[in-house]
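What's in target-v1.txt: compact mmCIF, C-alpha atoms
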```txt
# COMPACT_ATOMS: atom_id res chain seq x y z
CA MET A 244 0.00 0.00 0.00
CA LEU A 245 2.90 2.37 0.73
CA LEU A 246 4.26 1.70 -2.75
CA ASP A 247 0.87 2.56 -4.26
CA ILE A 248 0.79 5.86 -2.35
CA LEU A 249 4.34 6.57 -3.56
CA TYR A 250 3.24 5.96 -7.16
CA LEU A 251 0.38 8.41 -6.68
CA ALA A 252 2.62 11.07 -5.15
CA ILE A 253 5.37 10.78 -7.77
CA GLY A 254 2.79 10.68 -10.56
CA LEU A 255 1.06 13.83 -9.29
CA ILE A 256 4.32 15.80 -8.92
CA LEU A 257 5.52 14.69 -12.36
CA LEU A 258 2.10 15.45 -13.88
CA VAL A 259 2.07 19.06 -12.68
CA TRP A 260 5.69 19.69 -13.68
CA SER A 261 5.37 18.14 -17.14
CA ALA A 262 2.11 19.98 -17.82
CA ASP A 263 3.86 23.29 -17.06
CA LYS A 264 6.72 22.48 -19.46
CA PHE A 265 4.32 21.14 -22.09
CA VAL A 266 2.23 24.31 -22.15
CA ASP A 267 5.34 26.50 -22.30
CA GLY A 268 6.68 24.46 -25.21
CA ALA A 269 3.35 24.54 -27.05
CA SER A 270 2.98 28.31 -26.66
CA ALA A 271 6.53 29.03 -27.83
CA THR A 272 6.22 26.64 -30.77
CA ALA A 273 3.02 28.39 -31.83
CA ARG A 274 4.82 31.73 -31.99
CA TYR A 275 7.71 30.33 -34.05
CA LEU A 276 5.31 28.69 -36.53
CA GLY A 277 3.19 31.82 -36.81
CA LEU A 278 0.16 29.91 -35.53
CA SER A 279 -2.22 31.00 -32.80
CA PRO A 280 -2.14 29.20 -29.43
CA LEU A 281 -5.72 28.13 -30.22
CA LEU A 282 -4.66 26.18 -33.29
CA ILE A 283 -1.64 24.68 -31.51
CA GLY A 284 -4.01 23.68 -28.71
CA ILE A 285 -6.27 21.95 -31.23
CA VAL A 286 -3.59 20.28 -33.36
CA ILE A 287 -0.83 19.33 -30.92
CA VAL A 288 -2.14 19.58 -27.37
CA GLY A 289 -5.65 18.28 -28.08
CA PHE A 290 -4.61 15.47 -30.40
CA GLY A 291 -1.45 14.58 -28.51
CA THR A 292 -3.27 14.06 -25.23
CA SER A 293 -5.85 11.90 -27.06
CA THR A 294 -3.25 9.39 -28.26
CA PRO A 295 -4.01 6.94 -25.38
CA GLU A 296 -7.70 6.89 -26.35
CA MET A 297 -6.75 6.14 -29.97
CA LEU A 298 -4.52 3.22 -28.96
CA VAL A 299 -7.13 1.79 -26.57
CA SER A 300 -9.92 2.02 -29.16
CA ALA A 301 -7.78 0.49 -31.92
CA SER A 302 -6.86 -2.43 -29.65
CA SER A 303 -10.50 -2.84 -28.63
CA ALA A 304 -11.60 -2.95 -32.28
CA LEU A 305 -8.97 -5.61 -33.07
CA ASP A 306 -10.32 -7.68 -30.18
CA GLY A 307 -13.92 -7.18 -31.36
CA ALA A 308 -14.87 -5.05 -28.35
CA SER A 309 -16.68 -2.28 -30.24
CA GLY A 310 -18.57 -1.11 -27.19
CA LEU A 311 -15.32 -0.41 -25.38
CA ALA A 312 -13.95 1.47 -28.38
CA LEU A 313 -16.99 3.76 -28.65
CA GLY A 314 -17.42 4.11 -24.91
CA ASN A 315 -13.77 5.11 -24.61
CA ALA A 316 -14.13 7.88 -27.21
CA TYR A 317 -17.49 9.27 -26.11
CA GLY A 318 -16.74 8.87 -22.40
CA SER A 319 -13.55 10.87 -22.88
CA ASN A 320 -15.52 13.64 -24.61
CA ILE A 321 -17.97 13.78 -21.71
CA SER A 322 -15.10 14.02 -19.21
CA ASN A 323 -13.36 16.67 -21.31
CA ILE A 324 -16.35 19.03 -21.30
CA ALA A 325 -17.99 18.34 -17.96
CA LEU A 326 -14.98 17.60 -15.76
CA ILE A 327 -11.93 19.23 -17.34
CA LEU A 328 -13.48 22.45 -18.62
CA GLY A 329 -15.55 22.65 -15.45
CA VAL A 330 -12.53 22.39 -13.14
CA THR A 331 -10.45 24.71 -15.35
CA ALA A 332 -13.18 27.39 -15.40
CA MET A 333 -13.60 27.12 -11.62
CA ILE A 334 -9.89 27.87 -11.20
CA SER A 335 -9.76 30.63 -13.82
CA PRO A 336 -12.64 31.80 -16.09
CA ILE A 337 -11.92 30.89 -19.72
CA LEU A 338 -12.12 33.64 -22.34
CA VAL A 339 -13.46 32.40 -25.68
CA ALA A 340 -11.78 33.62 -28.88
CA LYS A 341 -13.85 34.65 -31.91
CA ASP A 342 -12.36 31.78 -33.96
CA VAL A 343 -13.84 29.29 -31.50
CA LEU A 344 -17.30 30.85 -31.86
CA LYS A 345 -17.15 31.09 -35.67
CA LYS A 346 -15.31 27.88 -36.61
CA GLU A 347 -14.42 25.35 -33.93
CA LEU A 348 -17.73 25.16 -32.02
CA PRO A 349 -19.93 24.99 -35.17
CA ALA A 350 -17.63 22.26 -36.51
CA LEU A 351 -17.81 20.32 -33.24
CA LEU A 352 -21.61 20.61 -33.13
CA ALA A 353 -21.96 19.45 -36.76
CA ILE A 354 -19.56 16.52 -36.28
CA THR A 355 -21.35 15.47 -33.09
CA ALA A 356 -24.71 15.55 -34.93
CA LEU A 357 -23.26 13.46 -37.79
CA SER A 358 -21.87 10.91 -35.33
CA ALA A 359 -25.26 10.66 -33.62
CA TYR A 360 -26.90 10.07 -37.02
CA PHE A 361 -24.43 7.26 -37.79
CA LEU A 362 -25.43 5.54 -34.53
CA THR A 363 -29.18 5.60 -35.18
CA ASP A 364 -29.02 2.21 -36.92
CA ALA A 365 -26.94 0.74 -34.05
CA THR A 366 -23.86 0.25 -36.27
CA VAL A 367 -20.81 2.17 -37.43
CA THR A 368 -19.90 0.75 -40.83
CA GLN A 369 -16.46 0.91 -42.45
CA THR A 370 -17.83 3.42 -44.97
CA GLU A 371 -19.03 5.69 -42.17
CA ALA A 372 -15.67 5.32 -40.43
CA VAL A 373 -13.85 6.35 -43.61
CA ILE A 374 -16.16 9.38 -43.91
CA LEU A 375 -15.17 10.44 -40.38
CA LEU A 376 -11.45 10.17 -41.22
CA VAL A 377 -11.87 12.09 -44.48
CA ILE A 378 -13.74 14.88 -42.66
CA PHE A 379 -10.90 15.05 -40.15
CA ALA A 380 -8.27 15.34 -42.90
CA ILE A 381 -10.22 18.04 -44.74
CA TYR A 382 -10.94 20.01 -41.58
CA MET A 383 -7.35 19.98 -40.35
CA GLY A 384 -5.94 20.80 -43.78
CA TRP A 385 -8.30 23.75 -44.07
CA ARG A 386 -7.55 25.10 -40.57
CA ILE A 387 -3.77 24.85 -40.96
CA TRP A 388 -3.85 26.38 -44.47
CA GLU A 389 -6.04 29.20 -43.24
CA ALA A 390 -3.79 29.89 -40.25
CA ARG A 391 -0.63 29.91 -42.39
CA LYS A 392 -2.27 32.16 -44.96
CA SER A 393 -3.18 34.84 -42.43
CA PRO A 394 -1.57 33.94 -39.10
CA ASP A 395 -2.76 35.70 -35.98
CA ALA A 396 -0.43 38.33 -34.63
CA ILE A 397 1.20 36.93 -31.53
CA GLU A 398 3.26 39.28 -29.42
CA GLU A 399 5.94 38.18 -26.97
CA GLU A 400 5.59 39.52 -23.46
CA GLU A 401 8.09 42.26 -22.77
CA ASN A 402 9.64 40.54 -19.77
CA GLN A 403 9.59 37.07 -21.31
CA ALA A 404 12.99 35.66 -22.26
CA PRO A 405 13.07 34.34 -25.85
CA VAL A 406 13.11 30.56 -26.18
CA SER A 407 14.74 28.84 -29.16
CA LEU A 408 12.65 26.75 -31.53
CA LYS A 409 14.75 23.67 -30.71
CA LYS A 410 14.12 24.09 -26.98
CA SER A 411 10.42 24.80 -27.56
CA VAL A 412 9.91 21.61 -29.57
CA PHE A 413 11.99 19.65 -27.04
CA TRP A 414 9.75 20.63 -24.12
CA LEU A 415 6.66 20.14 -26.25
CA VAL A 416 7.58 16.53 -27.01
CA VAL A 417 9.14 15.66 -23.63
CA GLY A 418 6.28 17.34 -21.77
CA LEU A 419 3.69 15.33 -23.72
CA LEU A 420 5.50 12.02 -23.10
CA LEU A 421 5.88 12.77 -19.39
CA LEU A 422 2.21 13.77 -19.17
CA MET A 423 1.19 10.35 -20.49
CA ALA A 424 3.71 8.49 -18.31
CA SER A 425 2.78 10.35 -15.12
CA SER A 426 -0.97 9.87 -15.68
CA LYS A 427 -0.35 6.15 -16.25
CA LEU A 428 1.68 5.98 -13.04
CA MET A 429 -1.15 7.63 -11.11
CA VAL A 430 -3.75 5.26 -12.57
CA VAL A 431 -1.65 2.19 -11.69
CA GLY A 432 -1.15 3.43 -8.14
CA ALA A 433 -4.81 4.38 -7.70
CA VAL A 434 -6.14 1.07 -9.08
CA SER A 435 -3.79 -0.97 -6.93
CA LEU A 436 -4.63 1.08 -3.84
CA ALA A 437 -8.37 0.74 -4.51
CA LYS A 438 -8.04 -3.04 -4.77
CA GLU A 439 -6.15 -3.09 -1.47
CA LEU A 440 -9.10 -1.24 0.07
CA GLY A 441 -11.59 -3.74 -1.39
CA VAL A 442 -13.12 -1.55 -4.13
CA SER A 443 -14.54 -3.56 -7.08
CA ASP A 444 -12.96 -3.60 -10.56
CA LEU A 445 -16.19 -2.16 -12.00
CA VAL A 446 -16.15 0.89 -9.77
CA ILE A 447 -12.41 1.33 -10.41
CA GLY A 448 -12.95 1.27 -14.17
CA LEU A 449 -15.83 3.75 -14.09
CA THR A 450 -14.16 6.19 -11.74
CA ILE A 451 -10.38 6.04 -11.25
CA VAL A 452 -9.41 4.78 -14.70
CA ALA A 453 -11.93 7.00 -16.50
CA VAL A 454 -10.67 10.13 -14.76
CA GLY A 455 -7.07 8.93 -14.92
CA THR A 456 -7.03 8.72 -18.72
CA SER A 457 -8.20 12.35 -18.80
CA LEU A 458 -5.41 13.61 -16.52
CA PRO A 459 -3.17 14.84 -19.39
CA GLU A 460 -5.97 17.05 -20.73
CA LEU A 461 -6.90 18.17 -17.20
CA ALA A 462 -3.34 19.08 -16.21
CA SER A 463 -2.47 20.89 -19.45
CA SER A 464 -5.78 22.82 -19.46
CA ILE A 465 -5.42 23.99 -15.85
CA ILE A 466 -1.80 25.08 -16.34
CA ALA A 467 -2.69 26.85 -19.60
CA ALA A 468 -5.57 28.71 -17.94
CA ARG A 469 -3.39 29.79 -15.01
CA LYS A 470 -0.76 31.08 -17.44
CA GLY A 471 -3.40 33.16 -19.22
CA GLU A 472 -3.41 30.88 -22.27
CA SER A 473 -7.21 30.54 -22.46
CA ASP A 474 -7.06 29.72 -26.18
CA LEU A 475 -4.68 26.85 -25.47
CA ALA A 476 -6.89 25.48 -22.68
CA LEU A 477 -10.10 25.60 -24.73
CA GLY A 478 -8.33 24.48 -27.91
CA ASN A 479 -7.05 21.46 -26.00
CA ILE A 480 -10.60 20.31 -25.22
CA VAL A 481 -12.08 21.14 -28.64
CA GLY A 482 -9.17 19.43 -30.37
CA SER A 483 -9.38 16.37 -28.15
CA ASN A 484 -13.14 16.00 -28.76
CA LEU A 485 -12.73 16.43 -32.52
CA PHE A 486 -9.95 13.85 -32.51
CA ASN A 487 -11.95 11.37 -30.40
CA THR A 488 -15.11 11.71 -32.49
CA LEU A 489 -13.44 11.59 -35.90
CA VAL A 490 -10.12 9.74 -35.61
CA VAL A 491 -10.55 7.46 -32.58
CA VAL A 492 -13.96 6.21 -33.74
CA GLY A 493 -12.88 6.33 -37.41
CA ILE A 494 -9.80 4.13 -36.95
CA ALA A 495 -11.70 1.64 -34.80
CA GLY A 496 -14.50 1.47 -37.40
CA VAL A 497 -12.09 0.96 -40.30
CA ILE A 498 -10.43 -1.93 -38.45
CA SER A 499 -13.78 -3.57 -37.76
CA PRO A 500 -17.42 -2.48 -38.30
CA MET A 501 -18.95 -1.74 -34.89
CA HIS A 502 -22.29 -3.00 -33.65
CA VAL A 503 -23.51 -0.54 -31.06
CA GLU A 504 -25.26 -1.44 -27.82
CA PRO A 505 -28.49 0.55 -27.23
CA ASP A 506 -27.05 2.20 -24.08
CA ILE A 507 -24.24 3.84 -26.04
CA PHE A 508 -26.74 5.85 -28.08
CA SER A 509 -29.53 6.37 -25.54
CA ARG A 510 -27.15 7.29 -22.73
CA ASP A 511 -23.60 8.20 -23.70
CA MET A 512 -24.20 9.77 -27.13
CA LEU A 513 -27.15 11.81 -25.88
CA VAL A 514 -25.18 13.03 -22.85
CA MET A 515 -22.20 13.92 -25.04
CA SER A 516 -24.45 15.78 -27.50
CA ALA A 517 -26.23 17.66 -24.70
CA LEU A 518 -22.92 18.68 -23.13
CA THR A 519 -21.60 19.89 -26.50
CA VAL A 520 -24.69 22.09 -26.91
CA LEU A 521 -24.30 23.29 -23.30
CA LEU A 522 -20.65 24.15 -24.01
CA ALA A 523 -21.74 26.23 -27.00
CA LEU A 524 -24.33 28.06 -24.89
CA CYS A 525 -21.67 28.82 -22.26
CA CYS A 526 -19.25 30.15 -24.90
CA TYR A 527 -21.56 32.34 -26.98
CA PRO A 528 -22.09 35.82 -25.41
CA PHE A 529 -25.68 37.01 -25.05
CA SER A 530 -24.55 40.48 -26.06
CA ARG A 531 -22.50 41.17 -29.19
CA LYS A 532 -20.54 43.80 -27.28
CA LYS A 533 -19.23 41.25 -24.78
CA GLN A 534 -16.59 38.58 -25.30
CA GLY A 535 -17.58 34.97 -24.76
CA LYS A 536 -16.44 33.52 -21.44
CA ILE A 537 -16.93 30.32 -19.47
CA THR A 538 -17.47 31.64 -15.95
CA ARG A 539 -16.79 29.96 -12.61
CA PHE A 540 -20.53 29.42 -12.13
CA GLU A 541 -20.81 27.73 -15.52
CA GLY A 542 -17.76 25.64 -14.64
CA PHE A 543 -19.55 24.58 -11.44
CA LEU A 544 -22.63 23.57 -13.49
CA LEU A 545 -20.44 21.48 -15.80
CA ILE A 546 -18.92 19.68 -12.82
CA LEU A 547 -22.42 18.97 -11.47
CA CYS A 548 -23.29 17.43 -14.86
CA PHE A 549 -20.25 15.17 -14.63
CA VAL A 550 -21.12 14.08 -11.09
CA GLY A 551 -24.72 13.41 -12.11
CA TYR A 552 -23.67 11.38 -15.16
CA THR A 553 -21.17 9.33 -13.13
CA LEU A 554 -23.74 8.55 -10.43
CA TYR A 555 -26.31 7.54 -13.06
CA LEU A 556 -23.70 5.37 -14.79
CA LEU A 557 -22.80 3.62 -11.54
CA LYS A 558 -26.46 3.10 -10.68
CA SER A 559 -27.25 1.63 -14.12
CA VAL A 560 -24.53 -1.02 -14.01
CA ILE A 561 -24.46 -2.04 -10.38
```

Before we go any further, please render this structure as structure tokens.
Amino acid sequence: MLLDILYLAIGLILLVWSADKFVDGASATARYLGLSPLLIGIVIVGFGTSTPEMLVSASSALDGASGLALGNAYGSNISNIALILGVTAMISPILVAKDVLKKELPALLAITALSAYFLTDATVTQTEAVILLVIFAIYMGWRIWEARKSPDAIEEEENQAPVSLKKSVFWLVVGLLLLMASSKLMVVGAVSLAKELGVSDLVIGLTIVAVGTSLPELASSIIAARKGESDLALGNIVGSNLFNTLVVVGIAGVISPMHVEPDIFSRDMLVMSALTVLLALCCYPFSRKKQGKITRFEGFLLILCFVGYTLYLLKSVI
């Protein structure tokens, strides 16, 4: 048990430190590439922290466990919006850039609606999976081309020491790898400790492991928000959800057509869709003169949604 606690402590310390370095590296790399922190958050931070979900879903599809593959992707999206954005906004309100309102959120809403439509017949065919991957390729190509064509002006802070491109990329890559390693270490310690205390595997999977796989997104979003990088924090979540919905589900569906259990649509997909709409409502300002912002109160409401969903999930399977 002492070893489990040590794993948790080391994992937590490493998680916070690596998240700090990761965000610094991502922000500096964005400036060197002439890209906005928002786009870097979507492309690198969001997709990079979703790599574990992609690997888990691909392995699940190879083993014929389509429910696990879809549940992994959609469950991660639910945690991203309700838990991660909720906690991040509670710590520091998140300002919403105009690009998010005009491009990213409409795209996320449309892609979520398309995914829900694909699930109405209780299957995700290989053709539908290919469509998801093609949409992802087109969307990312368009966003990167648009950003390079007219990059946002990004000014260095006056008192901020310049960081070389080589060092920026180094901390970006090393920070991402350490984020994944530290979150894995925390999950291993937490699962082992829970078993020592007599907690069931089911409860461990629905709580500790589910939250543990979202730790990279949680840590990087909190650090980004505290550093004033609201675009990076929100871009992280939007990018992760786009990646999960298009690539994670797409790759799993290409490997093997997925037959969907009724609960995945009636429970998880509907909750994910509702949370995506709620996120949009939180981001869009009611007055055109005001900038969109996810407030601490809205963050609290998102956390309540996550708690409610988790309790319902536990009640439905126990």

Worksheet item: Could you name the residues that touch range 497-511 of chain A at 9 Å or less, counting only C-alpha atoms, but leaving out those on the same chain fewer than 6 positions away, as a PyMOL selection string?
Response: chain A and resi 301+304-305+307-310+312-314+317-318+321+359+362-373+556

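Between Leu477 in chain A and the candidates A:Ser559, A:Ser516, A:Thr553, A:Thr331, the tightest atom-to-atom separation, counting all atoms listed in the file, involves A:Thr331.
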
Fill in: Closest of A:Val266, A:Leu419, A:Ala380, A:Ala356 to Leu513 in chain A - atom-to-atom distances counting only C-alpha atoms
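When distances to Leu513 in chain A are compared using only C-alpha atoms, the smallest one comes from A:Ala356.
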
Worksheet item: Which protein, DNA or RNA residues are at most 10 Å from (4.4, 28.3, -24.7) in the file's coordinates when you count all atoms listed in the file, listed as a list of chain:residue names?
Response: A:Asp263, A:Lys264, A:Phe265, A:Val266, A:Asp267, A:Gly268, A:Ala269, A:Ser270, A:Ala271, A:Thr272, A:Ala273, A:Arg274, A:Pro280, A:Ile283, A:Val406, A:Ser411, A:Val412, A:Trp414, A:Leu415, A:Ala467, A:Lys470, A:Glu472, A:Leu475

Cut-off 12 Å: closest range 299-360 of chain A/range 381-390 of chain A atom pairs per residue, using only C-alpha atoms, as a Markdown table:
```
| residue | atom | partner | partner_atom | distance |
| --- | --- | --- | --- | --- |
| A:Asp342 | CA | A:Arg386 | CA | 10.6 |
| A:Val343 | CA | A:Arg386 | CA | 11.8 |
| A:Lys346 | CA | A:Arg386 | CA | 9.1 |
| A:Glu347 | CA | A:Arg386 | CA | 9.6 |
| A:Ala350 | CA | A:Tyr382 | CA | 8.7 |
| A:Leu351 | CA | A:Tyr382 | CA | 10.8 |
| A:Ile354 | CA | A:Tyr382 | CA | 10.7 |
```

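Rounded to one decimal, CA of Arg539 in chain A and CA of Ala332 in chain A lie 5.2 Å from each other.
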
Item to complete: Using only C-alpha atoms, find the one residue out of A:Val550, A:Ala437, A:Leu485, A:Ile256 that sits nearest to Leu352 in chain A.
Response: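 For Leu352 in chain A, the nearest of the candidates is A:Leu485.
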
Discussion item. For a test of reading the model, state the distance in Å between CA of Ile327 in chain A and CA of Glu460 in chain A, rounded to one decimal.
Written reply: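 Distance reported for this atom pair: 7.2 Å.
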
Fill in: Residue among A:Val490, A:Cys525, A:Leu545, A:Leu421 lying closest to Ile253 in chain A, counting all atoms listed in the file
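Among the listed residues, the smallest separation from Ile253 in chain A belongs to A:Leu421.
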
Discussion item. Would you pick out the contacts of Leu522 in chain A at 12 Å or less, using all atoms listed in the file, so that residues sharing its chain but fewer than 5 positions from it are not included, and give the list as a PyMOL selection string?
Written reply: chain A and resi 320-321+323-326+328-329+332+337+339+343-344+347-349+351-352+477+480-481+515-517+527-528+535-538+541-542+544-545+548

Worksheet item: Pick the closest to Gln534 in chain A from A:Ala340, A:Val520, A:Leu245, A:Ala262: which is it, counting all atoms listed in the file?
Response: A:Ala340
